[in-house]
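What follows is the content of query_15.txt (compact mmCIF, C-alpha atoms).
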```txt
# COMPACT_ATOMS: atom_id res chain seq x y z
CA MET E 1013 109.34 134.14 46.78
CA PHE E 1014 106.81 131.45 47.63
CA ALA E 1015 108.57 130.66 50.90
CA PHE E 1016 108.53 134.37 51.71
CA LEU E 1017 104.83 134.66 50.92
CA SER E 1018 103.85 131.63 52.95
CA SER E 1019 105.95 132.78 55.89
CA GLN E 1020 104.16 136.11 55.70
CA LEU E 1021 100.76 134.47 55.55
CA ALA E 1022 101.66 132.17 58.43
CA VAL E 1023 101.87 135.30 60.58
CA LEU E 1024 98.19 135.79 59.91
CA ALA E 1025 97.20 132.24 60.87
CA PRO E 1026 96.26 133.14 64.49
CA PHE E 1027 93.64 135.55 63.11
CA PHE E 1028 91.94 132.98 60.89
CA HIS E 1029 88.91 132.55 63.15
CA ASP E 1030 88.58 136.31 63.67
CA VAL E 1031 88.66 136.87 59.93
CA ILE E 1032 85.93 134.27 59.36
CA ALA E 1033 83.81 135.78 62.14
CA GLY E 1034 84.40 139.28 60.77
CA ALA E 1035 83.50 138.21 57.25
CA ILE E 1036 80.30 136.58 58.51
CA THR E 1037 79.37 139.78 60.36
CA THR E 1038 80.07 141.81 57.22
CA ILE E 1039 77.97 139.53 55.01
CA LEU E 1040 75.05 138.99 57.38
CA SER E 1041 74.67 142.63 58.36
CA SER E 1042 74.85 143.68 54.70
CA VAL E 1043 72.16 141.16 53.77
CA ALA E 1044 69.98 142.27 56.70
CA ALA E 1045 70.44 145.94 55.78
CA PHE E 1046 69.68 145.16 52.11
CA VAL E 1047 66.41 143.35 52.90
CA LEU E 1048 65.36 146.12 55.29
CA GLY E 1049 66.46 148.74 52.78
CA ILE E 1050 64.37 147.23 49.97
CA GLY E 1051 61.33 147.20 52.25
CA ILE E 1052 61.82 150.78 53.41
CA GLY E 1053 62.67 151.89 49.87
CA ALA E 1054 59.44 150.39 48.49
CA VAL E 1055 57.46 152.14 51.24
CA LEU E 1056 59.22 155.42 50.45
CA LEU E 1057 58.24 155.10 46.80
CA LEU E 1058 54.62 154.27 47.71
CA VAL E 1059 54.46 157.30 50.00
CA ARG E 1060 56.03 159.49 47.35
CA GLN E 1061 53.52 158.45 44.70
CA HIS E 1062 50.34 158.07 46.73
CA GLY E 1063 50.90 159.95 49.98
CA GLY E 1064 49.93 163.45 48.95
CA ARG E 1065 52.08 166.42 48.18
CA ALA E 1066 53.56 167.19 51.62
CA LEU E 1067 54.66 163.58 52.22
CA ALA E 1068 56.02 163.35 48.68
CA TRP E 1069 58.24 166.35 49.33
CA LEU E 1070 59.37 164.84 52.60
CA VAL E 1071 60.46 161.67 50.78
CA ILE E 1072 62.26 163.73 48.12
CA LEU E 1073 64.08 165.64 50.87
CA TYR E 1074 64.99 162.39 52.63
CA VAL E 1075 66.40 160.87 49.44
CA SER E 1076 68.37 164.03 48.68
CA VAL E 1077 69.86 164.25 52.17
CA ILE E 1078 70.83 160.56 52.24
CA ARG E 1079 72.38 160.74 48.77
CA GLY E 1080 74.12 164.03 49.58
CA THR E 1081 75.84 163.06 52.84
CA PRO E 1082 78.65 160.53 53.44
CA ALA E 1083 77.70 157.07 54.72
CA LEU E 1084 80.30 157.60 57.43
CA ILE E 1085 78.40 160.62 58.80
CA GLN E 1086 75.15 158.63 58.61
CA MET E 1087 76.83 155.87 60.59
CA LEU E 1088 77.87 158.35 63.30
CA VAL E 1089 74.37 159.87 63.38
CA ALA E 1090 72.77 156.42 63.72
CA TYR E 1091 75.09 155.57 66.58
CA TYR E 1092 75.33 158.84 68.52
CA VAL E 1093 72.30 160.94 67.58
CA LEU E 1094 69.35 158.62 66.88
CA PRO E 1095 69.47 156.76 70.23
CA ALA E 1096 69.60 160.10 72.08
CA VAL E 1097 66.78 161.61 70.06
CA LEU E 1098 64.54 158.54 70.20
CA ASN E 1099 65.62 157.79 73.77
CA LEU E 1100 66.44 154.13 73.23
CA ASN E 1101 69.44 151.89 73.65
CA ILE E 1102 70.90 150.25 70.56
CA SER E 1103 74.06 148.25 70.09
CA PRO E 1104 76.75 149.29 67.58
CA LEU E 1105 75.70 146.41 65.32
CA GLN E 1106 72.06 147.50 65.34
CA ALA E 1107 73.07 151.12 64.68
CA GLY E 1108 75.32 149.97 61.83
CA ILE E 1109 72.63 147.86 60.16
CA LEU E 1110 70.09 150.67 60.65
CA ALA E 1111 72.41 153.24 59.05
CA LEU E 1112 73.13 150.96 56.08
CA ALA E 1113 69.43 150.14 55.66
CA LEU E 1114 68.34 153.79 55.79
CA ASN E 1115 71.09 154.64 53.30
CA THR E 1116 70.19 151.83 50.89
CA ALA E 1117 66.47 152.62 51.15
CA ALA E 1118 66.97 156.03 49.54
CA TYR E 1119 68.87 154.52 46.60
CA VAL E 1120 66.41 151.61 46.28
CA SER E 1121 63.42 153.95 46.10
CA GLU E 1122 65.11 155.81 43.24
CA ILE E 1123 65.98 152.54 41.46
CA LEU E 1124 62.38 151.31 41.73
CA ARG E 1125 61.05 154.69 40.61
CA GLY E 1126 63.32 154.59 37.56
CA ALA E 1127 62.19 151.05 36.71
CA LEU E 1128 58.54 151.97 37.16
CA ASN E 1129 58.89 155.07 34.98
CA SER E 1130 60.54 153.03 32.23
CA LEU E 1131 57.42 150.86 31.85
CA GLY E 1132 55.06 151.89 29.09
CA ARG E 1133 52.51 154.30 30.62
CA GLY E 1134 49.48 152.70 29.01
CA GLN E 1135 50.13 149.15 30.19
CA ILE E 1136 48.01 149.26 33.33
CA PRO E 1137 44.98 150.91 31.66
CA ALA E 1138 45.35 148.40 28.82
CA ALA E 1139 45.38 145.47 31.24
CA ARG E 1140 42.38 146.90 33.08
CA ALA E 1141 40.56 147.38 29.79
CA LEU E 1142 41.17 143.69 29.02
CA GLY E 1143 39.27 142.89 32.20
CA MET E 1144 42.11 142.28 34.69
CA PRO E 1145 41.45 143.41 38.24
CA ALA E 1146 44.03 145.89 39.58
CA PHE E 1147 45.82 143.22 41.57
CA GLN E 1148 46.19 140.92 38.57
CA ALA E 1149 47.42 143.76 36.41
CA TRP E 1150 50.03 144.47 39.01
CA ARG E 1151 50.92 140.83 39.61
CA TYR E 1152 51.21 139.74 35.97
CA ILE E 1153 52.02 142.93 34.07
CA VAL E 1154 53.86 145.41 36.28
CA PHE E 1155 55.72 143.26 38.79
CA PRO E 1156 57.60 140.92 36.37
CA GLN E 1157 58.91 143.87 34.37
CA LEU E 1158 59.73 145.88 37.47
CA PHE E 1159 61.56 142.89 38.94
CA TYR E 1160 63.56 142.24 35.80
CA ARG E 1161 64.56 145.85 35.26
CA SER E 1162 65.54 146.39 38.90
CA ILE E 1163 67.86 143.41 39.23
CA PRO E 1164 71.02 144.91 37.69
CA PRO E 1165 70.83 148.25 39.56
CA LEU E 1166 69.75 146.54 42.79
CA THR E 1167 72.65 144.09 42.76
CA ASN E 1168 74.97 146.98 41.99
CA GLU E 1169 73.49 148.71 45.02
CA PHE E 1170 74.16 145.58 47.09
CA THR E 1171 77.87 145.65 46.19
CA MET E 1172 78.00 149.33 47.15
CA LEU E 1173 76.31 148.39 50.42
CA LEU E 1174 78.83 145.61 51.08
CA LYS E 1175 81.64 148.11 50.57
CA ALA E 1176 79.97 150.70 52.78
CA SER E 1177 79.52 148.07 55.51
CA SER E 1178 83.25 148.43 56.22
CA LEU E 1179 82.35 151.80 57.76
CA MET E 1180 80.67 149.94 60.61
CA SER E 1181 84.20 149.51 61.96
CA ILE E 1182 84.12 153.24 62.83
CA ILE E 1183 81.41 152.60 65.43
CA ALA E 1184 83.15 149.48 66.82
CA VAL E 1185 81.16 146.74 65.09
CA HIS E 1186 83.32 143.62 64.86
CA ASP E 1187 83.24 143.37 61.10
CA LEU E 1188 86.04 142.44 58.71
CA ALA E 1189 87.59 145.94 58.73
CA THR E 1190 87.71 145.99 62.54
CA VAL E 1191 89.36 142.56 62.62
CA ALA E 1192 91.96 143.86 60.16
CA ARG E 1193 92.69 146.94 62.25
CA ASP E 1194 93.04 144.90 65.45
CA ALA E 1195 95.31 142.40 63.71
CA THR E 1196 97.49 145.26 62.44
CA LEU E 1197 97.83 146.68 65.94
CA GLN E 1198 98.89 143.25 67.26
CA THR E 1199 101.29 142.25 64.49
CA ASN E 1200 102.50 145.60 63.15
CA LEU E 1201 102.28 144.08 59.67
CA PRO E 1202 99.84 146.44 57.93
CA LEU E 1203 100.83 145.46 54.38
CA GLN E 1204 100.15 141.76 54.89
CA VAL E 1205 97.03 142.23 57.00
CA PHE E 1206 95.32 144.80 54.77
CA SER E 1207 96.27 143.01 51.55
CA ALA E 1208 94.76 139.82 52.92
CA THR E 1209 91.66 141.79 54.02
CA ALA E 1210 91.37 143.36 50.58
CA ALA E 1211 91.52 139.84 49.11
CA VAL E 1212 88.71 138.63 51.39
CA TYR E 1213 86.52 141.62 50.49
CA PHE E 1214 87.36 141.05 46.83
CA ALA E 1215 86.26 137.42 47.07
CA ILE E 1216 82.97 138.29 48.81
CA LEU E 1217 82.12 141.09 46.37
CA PHE E 1218 83.19 139.09 43.34
CA ILE E 1219 80.97 136.18 44.35
CA ALA E 1220 78.08 138.56 44.99
CA SER E 1221 78.34 140.20 41.59
CA SER E 1222 78.82 136.86 39.77
CA ALA E 1223 75.73 135.49 41.52
CA SER E 1224 73.76 138.53 40.41
CA ARG E 1225 74.82 138.03 36.79
CA GLY E 1226 73.64 134.42 37.09
CA LEU E 1227 70.33 135.61 38.53
CA GLU E 1228 69.92 138.04 35.63
CA ARG E 1229 70.43 135.21 33.13
CA ARG E 1230 67.93 132.96 34.93
CA VAL E 1231 65.32 135.69 35.07
CA ALA E 1232 65.90 136.39 31.40
CA LYS E 1233 65.06 132.70 30.71
CA VAL E 1234 61.96 132.66 32.90
CA LEU E 1235 60.65 135.95 31.53
CA PRO E 1236 61.61 135.70 27.85
CA ASN E 1237 59.14 138.37 26.75
CA VAL E 1238 60.27 141.05 29.15
CA HIS E 1239 63.00 143.40 28.05
CA MET S 89 65.98 167.55 73.82
CA SER S 90 67.02 170.96 72.58
CA ILE S 91 69.56 172.25 70.13
CA ASP S 92 72.30 174.52 71.43
CA LEU S 93 72.71 177.16 68.73
CA ALA S 94 75.83 178.58 70.37
CA ILE S 95 77.63 175.26 69.70
CA VAL S 96 76.39 175.25 66.11
CA GLN S 97 77.70 178.77 65.69
CA SER S 98 81.11 178.06 67.19
CA SER S 99 81.58 174.87 65.14
CA ILE S 100 80.92 176.48 61.77
CA LEU S 101 84.37 178.03 61.42
CA PRO S 102 86.41 174.87 62.22
CA LEU S 103 84.09 172.84 60.00
CA LEU S 104 84.57 175.23 57.09
CA LYS S 105 88.34 174.94 57.60
CA GLY S 106 87.87 171.19 57.24
CA LEU S 107 85.74 171.67 54.15
CA LYS S 108 88.63 173.58 52.60
CA VAL S 109 90.92 170.54 52.98
CA THR S 110 88.17 168.25 51.67
CA ALA S 111 87.80 170.53 48.65
CA GLN S 112 91.57 170.63 48.05
CA VAL S 113 91.82 166.83 48.09
CA CYS S 114 88.89 166.53 45.66
CA VAL S 115 90.01 169.31 43.32
CA LEU S 116 93.42 167.66 42.96
CA GLY S 117 92.42 164.00 43.20
CA ILE S 118 89.35 163.77 40.98
CA PRO S 119 90.87 165.35 37.80
CA LEU S 120 93.99 163.22 38.32
CA GLY S 121 91.69 160.21 38.56
CA ILE S 122 89.96 161.18 35.33
CA VAL S 123 93.37 161.17 33.61
CA ALA S 124 94.22 157.80 35.19
CA GLY S 125 90.83 156.42 34.16
CA THR S 126 91.31 157.59 30.57
CA VAL S 127 94.68 155.85 30.44
CA ALA S 128 93.13 152.70 31.93
CA ALA S 129 90.32 152.79 29.35
CA TYR S 130 92.93 153.00 26.56
CA PHE S 131 94.73 150.04 28.11
CA ARG S 132 91.44 148.09 28.23
CA ALA S 133 91.03 148.67 24.49
CA SER S 134 94.67 147.85 23.71
CA THR S 135 95.66 144.99 21.44
CA TRP S 136 98.41 144.08 23.88
CA ARG S 137 97.11 141.47 26.29
CA VAL S 138 99.35 142.49 29.21
CA LEU S 139 98.00 146.04 29.17
CA ARG S 140 94.44 144.74 29.06
CA ALA S 141 95.10 142.48 32.05
CA VAL S 142 96.71 145.30 34.04
CA ALA S 143 93.78 147.63 33.38
CA LEU S 144 91.24 144.91 34.16
CA SER S 145 92.85 144.05 37.51
CA TYR S 146 92.97 147.74 38.38
CA VAL S 147 89.28 148.24 37.66
CA GLU S 148 88.26 145.04 39.45
CA PHE S 149 90.32 146.00 42.51
CA VAL S 150 88.60 149.37 42.73
CA ARG S 151 85.15 147.88 42.22
CA ASN S 152 85.58 145.10 44.76
CA VAL S 153 87.64 146.56 47.60
CA PRO S 154 86.18 149.13 50.03
CA PHE S 155 87.72 152.59 49.96
CA LEU S 156 88.39 152.33 53.71
CA ILE S 157 90.63 149.28 53.16
CA LEU S 158 92.53 151.07 50.37
CA VAL S 159 93.08 154.03 52.71
CA TYR S 160 94.28 151.76 55.54
CA LEU S 161 96.52 149.85 53.15
CA SER S 162 98.18 153.00 51.82
CA PHE S 163 98.36 154.92 55.08
CA PHE S 164 99.79 152.08 57.19
CA GLY S 165 101.40 150.04 54.41
CA LEU S 166 103.36 152.61 52.41
CA PRO S 167 105.73 153.57 55.28
CA LYS S 168 106.62 149.86 55.56
CA LEU S 169 107.71 149.99 51.93
CA GLY S 170 109.92 152.96 52.75
CA VAL S 171 107.55 155.47 51.17
CA SER S 172 106.61 158.22 53.59
CA MET S 173 103.90 160.52 52.30
CA PRO S 174 101.86 163.08 54.26
CA ALA S 175 98.21 162.20 54.81
CA PHE S 176 97.18 164.90 52.34
CA ALA S 177 99.21 163.33 49.51
CA ILE S 178 97.81 159.88 50.34
CA GLY S 179 94.33 161.37 50.26
CA VAL S 180 94.89 162.86 46.81
CA ALA S 181 96.47 159.64 45.52
CA ALA S 182 93.72 157.40 46.94
CA THR S 183 91.01 159.68 45.50
CA ALA S 184 92.72 159.63 42.10
CA PHE S 185 93.20 155.84 42.21
CA TYR S 186 89.58 155.15 43.05
CA THR S 187 88.14 157.78 40.69
CA GLY S 188 90.23 156.34 37.86
CA GLY S 189 88.87 152.82 38.26
CA TYR S 190 85.28 154.01 38.05
CA PHE S 191 85.94 156.59 35.34
CA SER S 192 87.51 154.04 33.00
CA GLU S 193 84.29 151.99 33.25
CA ILE S 194 82.22 155.10 32.54
CA LEU S 195 84.35 155.84 29.47
CA ARG S 196 84.01 152.27 28.25
CA ALA S 197 80.23 152.45 28.61
CA ALA S 198 80.20 155.84 26.84
CA PHE S 199 82.03 154.49 23.81
CA GLY S 200 79.85 151.39 23.90
CA SER S 201 76.75 153.58 23.80
CA LEU S 202 77.63 154.95 20.37
CA ALA S 203 75.56 153.33 17.65
CA HIS S 204 77.79 151.03 15.58
CA GLY S 205 78.50 152.21 12.11
CA GLN S 206 78.39 155.92 12.89
CA VAL S 207 82.12 156.31 12.47
CA GLN S 208 82.15 154.39 9.18
CA ALA S 209 79.09 156.29 8.00
CA ALA S 210 80.74 159.64 8.78
CA ARG S 211 83.97 158.53 7.09
CA SER S 212 82.09 157.42 3.99
CA LEU S 213 80.42 160.85 3.90
CA GLY S 214 83.91 162.28 3.48
CA LEU S 215 84.75 163.46 7.02
CA SER S 216 88.37 163.04 8.05
CA GLY S 217 89.32 160.91 11.05
CA LEU S 218 89.75 164.01 13.19
CA GLN S 219 86.47 165.50 11.99
CA VAL S 220 84.66 162.29 12.87
CA GLN S 221 85.99 162.50 16.43
CA ARG S 222 85.28 166.23 16.69
CA HIS S 223 81.77 166.30 15.21
CA VAL S 224 80.38 162.79 15.66
CA VAL S 225 82.04 160.90 18.51
CA LEU S 226 82.99 163.49 21.14
CA PRO S 227 79.70 165.44 21.29
CA GLN S 228 77.81 162.22 22.02
CA ILE S 229 80.44 160.98 24.47
CA PHE S 230 80.27 164.20 26.49
CA GLY S 231 76.50 163.95 26.70
CA PHE S 232 76.90 160.48 28.16
CA LEU S 233 79.83 161.37 30.43
CA ALA S 234 78.33 164.45 32.09
CA PRO S 235 75.74 162.79 34.36
CA ALA S 236 77.93 159.76 35.19
CA THR S 237 80.93 161.94 36.02
CA THR S 238 78.75 164.15 38.22
CA SER S 239 77.62 161.23 40.35
CA LEU S 240 81.19 159.89 40.49
CA THR S 241 82.41 163.32 41.67
CA ILE S 242 79.74 163.46 44.38
CA MET S 243 80.58 159.90 45.43
CA MET S 244 84.29 160.72 45.79
CA PHE S 245 83.47 163.98 47.59
CA LYS S 246 81.47 161.99 50.14
CA ASP S 247 84.06 159.21 50.36
CA SER S 248 86.71 161.79 51.29
CA SER S 249 85.13 161.67 54.77
CA ILE S 250 86.96 158.34 55.16
CA PHE S 251 90.27 160.24 55.30
CA SER S 252 89.33 161.20 58.85
CA VAL S 253 90.66 157.75 59.90
CA MET S 254 94.18 158.84 58.95
CA SER S 255 93.91 162.19 60.76
CA LEU S 256 93.75 164.26 57.61
CA THR S 257 92.18 167.50 58.87
CA GLU S 258 89.21 167.39 56.51
CA LEU S 259 85.56 168.04 57.30
CA THR S 260 84.71 164.78 59.11
CA TYR S 261 87.94 164.90 61.11
CA GLN S 262 87.13 168.43 62.29
CA SER S 263 83.64 167.22 63.16
CA ASN S 264 85.12 164.34 65.20
CA LEU S 265 87.40 166.77 67.07
CA LEU S 266 84.41 168.97 67.89
CA THR S 267 82.22 166.10 69.11
CA ALA S 268 85.08 164.75 71.24
CA ASP S 269 85.41 168.23 72.71
CA THR S 270 81.78 169.17 73.29
CA PHE S 271 79.84 165.86 73.19
CA ALA S 272 77.26 167.89 71.26
CA TYR S 273 76.65 165.13 68.70
CA VAL S 274 73.32 166.46 67.47
CA GLU S 275 74.57 169.99 66.82
CA VAL S 276 77.98 169.16 65.37
CA LEU S 277 76.99 166.13 63.27
CA GLY S 278 73.89 167.99 62.10
CA THR S 279 75.95 170.97 60.95
CA THR S 280 78.51 168.70 59.31
CA ALA S 281 75.81 166.77 57.47
CA LEU S 282 74.22 170.04 56.36
CA ILE S 283 77.54 171.26 54.90
CA TYR S 284 78.09 167.97 53.04
CA TRP S 285 74.51 168.01 51.78
CA LEU S 286 74.64 171.61 50.52
CA CYS S 287 77.90 170.92 48.66
CA SER S 288 76.46 167.75 47.09
CA VAL S 289 73.37 169.66 45.96
CA LEU S 290 75.58 172.37 44.45
CA LEU S 291 77.69 169.75 42.66
CA ASP S 292 74.51 168.12 41.40
CA VAL S 293 73.18 171.43 40.04
CA ALA S 294 76.54 172.13 38.37
CA GLY S 295 76.41 168.63 36.88
CA GLN S 296 72.94 169.26 35.47
CA TRP S 297 74.16 172.48 33.84
CA SER S 298 77.12 170.68 32.29
CA GLU S 299 74.81 167.93 31.05
CA ARG S 300 72.49 170.46 29.41
CA TYR S 301 75.48 172.17 27.85
CA ALA S 302 76.94 168.88 26.62
CA THR S 303 73.66 167.74 25.07
CA ARG S 304 72.68 171.08 23.49
CA TYR S 305 73.12 169.50 20.03
CA ARG S 306 70.11 167.27 20.73
CA ARG S 307 67.83 170.30 20.95
CA VAL S 308 68.77 171.81 17.60
```
Go ahead and express the file in the form of structure tokens.
Amino acid sequence: MFAFLSSQLAVLAPFFHDVIAGAITTILSSVAAFVLGIGIGAVLLLVRQHGGRALAWLVILYVSVIRGTPALIQMLVAYYVLPAVLNLNISPLQAGILALALNTAAYVSEILRGALNSLGRGQIPAARALGMPAFQAWRYIVFPQLFYRSIPPLTNEFTMLLKASSLMSIIAVHDLATVARDATLQTNLPLQVFSATAAVYFAILFIASSASRGLERRVAKVLPNVH
Amino acid sequence: MSIDLAIVQSSILPLLKGLKVTAQVCVLGIPLGIVAGTVAAYFRASTWRVLRAVALSYVEFVRNVPFLILVYLSFFGLPKLGVSMPAFAIGVAATAFYTGGYFSEILRAAFGSLAHGQVQAARSLGLSGLQVQRHVVLPQIFGFLAPATTSLTIMMFKDSSIFSVMSLTELTYQSNLLTADTFAYVEVLGTTALIYWLCSVLLDVAGQWSERYATRYRRV
């Protein structure tokens, strides 16, 4: 059994470097898309709450469309439609990161909105009444609670994003899924190749979610009064 | 740039044919997955350690492996094991497998959301075991399940687009055929996205109705 397994895995040895490169592409583009997505998502929420009625409806429509269409279709739109409409040249990797970021942004804006709505309504007026300037009220009252409450849903969103990043293989980004497909074509050993790929994804996602649980615990220690 | 409405018009029929296959996969796969998820949730709560371990590995696999990889693994891997299934059957099975993993977690959370002591309290008031389930546990569980199951259903509906990689003639596959044919990416992808979006909105509305129905006891 063990000899069989190791002989099977030996077949995959030539692809070791490709797998590492693919995994790095998967991780880095997911992180880039996540950071971008949080930024865009925060802007979306700001626009929705302070941008007037027309812009607020536009944001609501955007969130609904992103949440109502498959990430795969969004990937194809980012690669084939956006460059044509905006008349610019972008690489598959850029299109992939853009699609993931625009997708995540919609979910992030909803997560932040939920966290903001769960704060007690009177906290900001109370802080202002105690003499805090608006910035201080935001910095010391709103932000710590918002941060703490958003961590679990945001890290969950990051794992969803990591999984969705495999769709970049559809537009020829050299991520882990593409490496797996190429290796299958060369070896004709789909079971071994895709099981090994599943294991690599599992490891990446498992580490990501364990790290987020650790982060939650640390934040809980730093902010003992926030629940 | 301009939009060619003639292409939009001529792509609607093939796209709707694809939507039919998408709907068939979901209508078969998601309920099957709910059954699988219920079984897995029972296994998670079992006193037998082997069953717990099996259910836990199942859930962790689903949560940590992309759907695309599962589809590749089953579509290219199963024939190597001597199992030949048509793409449609693989689509249904993959949908059910994935739905089940998530649904068992939803169920676990639903039971966890019940305030402790309710069952004992109801029993001590003289309700029978069955009555406790019927009047105390299930109404609250359904109120919790409705919104979570709606978003899971929409997620699996959208994920069914991934079956286009194994040439299952669902909505995204039809869309790919049309774009390869006409190169009219804006028109075809736009129409496809619109169809997906409208269906998701409809599912969402249906989910909100079911949630209101399931939580009607709270408004007594």
Next item on the list: Quick one: everything within 12 Å of Pro174 of chain S, counting all atoms listed in the file, minus sequence neighbours fewer than 2 positions away in the same chain. Send it as a PyMOL selection string.
Entry: chain S and resi 162-164+166-167+171-172+176-181+251+254-257
Using only C-alpha atoms, I'd like a table of the residues in chain S that come within 10 Å of chain E; for each, show the closest atom pair and its distance in Å rounded to one decimal, ordered by chain and ascending number, as a Markdown table.
```
| residue | atom | partner | partner_atom | distance |
| --- | --- | --- | --- | --- |
| S:Met89 | CA | E:Val1097 | CA | 7.1 |
| S:Ser90 | CA | E:Val1097 | CA | 9.7 |
| S:Glu148 | CA | E:Phe1214 | CA | 8.4 |
| S:Phe149 | CA | E:Phe1214 | CA | 7.2 |
| S:Val150 | CA | E:Phe1214 | CA | 9.4 |
| S:Arg151 | CA | E:Leu1217 | CA | 8.5 |
| S:Asn152 | CA | E:Phe1214 | CA | 4.9 |
| S:Val153 | CA | E:Phe1214 | CA | 5.6 |
| S:Pro154 | CA | E:Lys1175 | CA | 4.7 |
| S:Phe155 | CA | E:Lys1175 | CA | 7.6 |
| S:Leu156 | CA | E:Ser1178 | CA | 6.9 |
| S:Ile157 | CA | E:Ala1210 | CA | 6.5 |
| S:Leu158 | CA | E:Ala1210 | CA | 7.8 |
| S:Val159 | CA | E:Phe1206 | CA | 9.7 |
| S:Tyr160 | CA | E:Phe1206 | CA | 7.1 |
| S:Leu161 | CA | E:Phe1206 | CA | 5.4 |
| S:Ser162 | CA | E:Leu1203 | CA | 8.4 |
| S:Phe163 | CA | E:Pro1202 | CA | 9.1 |
| S:Phe164 | CA | E:Pro1202 | CA | 5.7 |
| S:Gly165 | CA | E:Leu1203 | CA | 4.6 |
| S:Leu166 | CA | E:Leu1203 | CA | 7.8 |
| S:Pro167 | CA | E:Leu1203 | CA | 9.5 |
| S:Lys168 | CA | E:Leu1203 | CA | 7.4 |
| S:Leu169 | CA | E:Leu1203 | CA | 8.6 |
| S:Ser239 | CA | E:Arg1079 | CA | 9.9 |
| S:Ile242 | CA | E:Gly1080 | CA | 7.7 |
| S:Met243 | CA | E:Pro1082 | CA | 8.3 |
| S:Met244 | CA | E:Pro1082 | CA | 9.5 |
| S:Phe245 | CA | E:Pro1082 | CA | 8.3 |
| S:Lys246 | CA | E:Pro1082 | CA | 4.6 |
| S:Asp247 | CA | E:Pro1082 | CA | 6.4 |
| S:Ser248 | CA | E:Pro1082 | CA | 8.4 |
| S:Ser249 | CA | E:Pro1082 | CA | 6.7 |
| S:Ile250 | CA | E:Leu1084 | CA | 7.1 |
| S:Ser252 | CA | E:Leu1084 | CA | 9.8 |
| S:Val253 | CA | E:Ile1182 | CA | 8.5 |
| S:Thr260 | CA | E:Ile1085 | CA | 7.6 |
| S:Ser263 | CA | E:Ile1085 | CA | 9.5 |
| S:Asn264 | CA | E:Leu1088 | CA | 9.6 |
| S:Phe271 | CA | E:Tyr1092 | CA | 9.6 |
| S:Ala272 | CA | E:Val1093 | CA | 9.3 |
| S:Tyr273 | CA | E:Val1093 | CA | 6.1 |
| S:Val274 | CA | E:Val1093 | CA | 5.6 |
| S:Glu275 | CA | E:Val1093 | CA | 9.4 |
| S:Leu277 | CA | E:Val1089 | CA | 6.8 |
| S:Gly278 | CA | E:Val1089 | CA | 8.2 |
| S:Thr280 | CA | E:Ile1085 | CA | 8.1 |
| S:Ala281 | CA | E:Thr1081 | CA | 5.9 |
| S:Leu282 | CA | E:Thr1081 | CA | 8.0 |
| S:Ile283 | CA | E:Thr1081 | CA | 8.6 |
| S:Tyr284 | CA | E:Thr1081 | CA | 5.4 |
| S:Trp285 | CA | E:Gly1080 | CA | 4.6 |
| S:Leu286 | CA | E:Gly1080 | CA | 7.7 |
| S:Cys287 | CA | E:Gly1080 | CA | 7.9 |
| S:Ser288 | CA | E:Gly1080 | CA | 5.1 |
| S:Val289 | CA | E:Gly1080 | CA | 6.7 |
| S:Leu290 | CA | E:Gly1080 | CA | 9.9 |
| S:Leu291 | CA | E:Gly1080 | CA | 9.7 |
| S:Asp292 | CA | E:Gly1080 | CA | 9.2 |
```
Item checked: Proximity to Lys105 of chain S - best of S:Glu258, S:Ala209, S:Arg196, S:Thr241, all atoms listed in the file -> S:Glu258
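Going from atom CA of Asn1168 of chain E over to atom CA of Ala128 of chain S, you cover 21.5 Å.
For the choices E:Ala1195, E:Val1023, E:Ile1153, E:Ala1068, the atom-to-atom distance to Leu1128 of chain E is smallest for E:Ile1153 when using all atoms listed in the file.
One distance worth recording is that between atom CA of Gly1063 of chain E and atom CA of Tyr1119 of chain E, which is 19.1 Å.
Remark: for Asp1030 of chain E, the closest of the candidate residues E:Leu1056, E:Leu1067, E:Leu1073, E:Val1191 is E:Val1191 (distances computed over all atoms listed in the file).
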Item checked: Nearby residues (all atoms listed in the file) at most 6 Å from segment 1037-1046 of chain E, same-chain spacing under 3 positions excluded, as a PyMOL selection string -> chain E and resi 1034+1049+1109+1112-1113+1174+1187
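Across the structure, atom CA of Gly125 of chain S and atom CA of Leu195 of chain S are spaced 8.0 Å apart.
With only C-alpha atoms taken into account, the protein and nucleic acid residues at most 8 Å from Tyr1160 of chain E (excluding it and anything under 2 positions from it in its own chain) are Pro1156, Gln1157, Leu1158, Ser1162, Ile1163, Glu1228, Val1231, Ala1232, Val1238 and His1239 of chain E.
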Just want the 10 Å neighbourhood of Gly231 of chain S, counted on all atoms listed in the file, with same-chain residues fewer than 3 positions away dropped. Output as a JSON list (two decimals) with C-alpha atoms, keeping the file's coordinate frame.
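Written output follows (around.json):
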```json
[["chain", "number", "residue", "atom", "x", "y", "z"],
["S", 198, "ALA", "CA", 80.20, 155.84, 26.84],
["S", 226, "LEU", "CA", 82.99, 163.49, 21.14],
["S", 227, "PRO", "CA", 79.70, 165.44, 21.29],
["S", 228, "GLN", "CA", 77.81, 162.22, 22.02],
["S", 234, "ALA", "CA", 78.33, 164.45, 32.09],
["S", 235, "PRO", "CA", 75.74, 162.79, 34.36],
["S", 236, "ALA", "CA", 77.93, 159.76, 35.19],
["S", 298, "SER", "CA", 77.12, 170.68, 32.29],
["S", 299, "GLU", "CA", 74.81, 167.93, 31.05],
["S", 300, "ARG", "CA", 72.49, 170.46, 29.41],
["S", 301, "TYR", "CA", 75.48, 172.17, 27.85],
["S", 302, "ALA", "CA", 76.94, 168.88, 26.62],
["S", 303, "THR", "CA", 73.66, 167.74, 25.07],
["S", 304, "ARG", "CA", 72.68, 171.08, 23.49],
["S", 305, "TYR", "CA", 73.12, 169.50, 20.03],
["S", 306, "ARG", "CA", 70.11, 167.27, 20.73]]
```
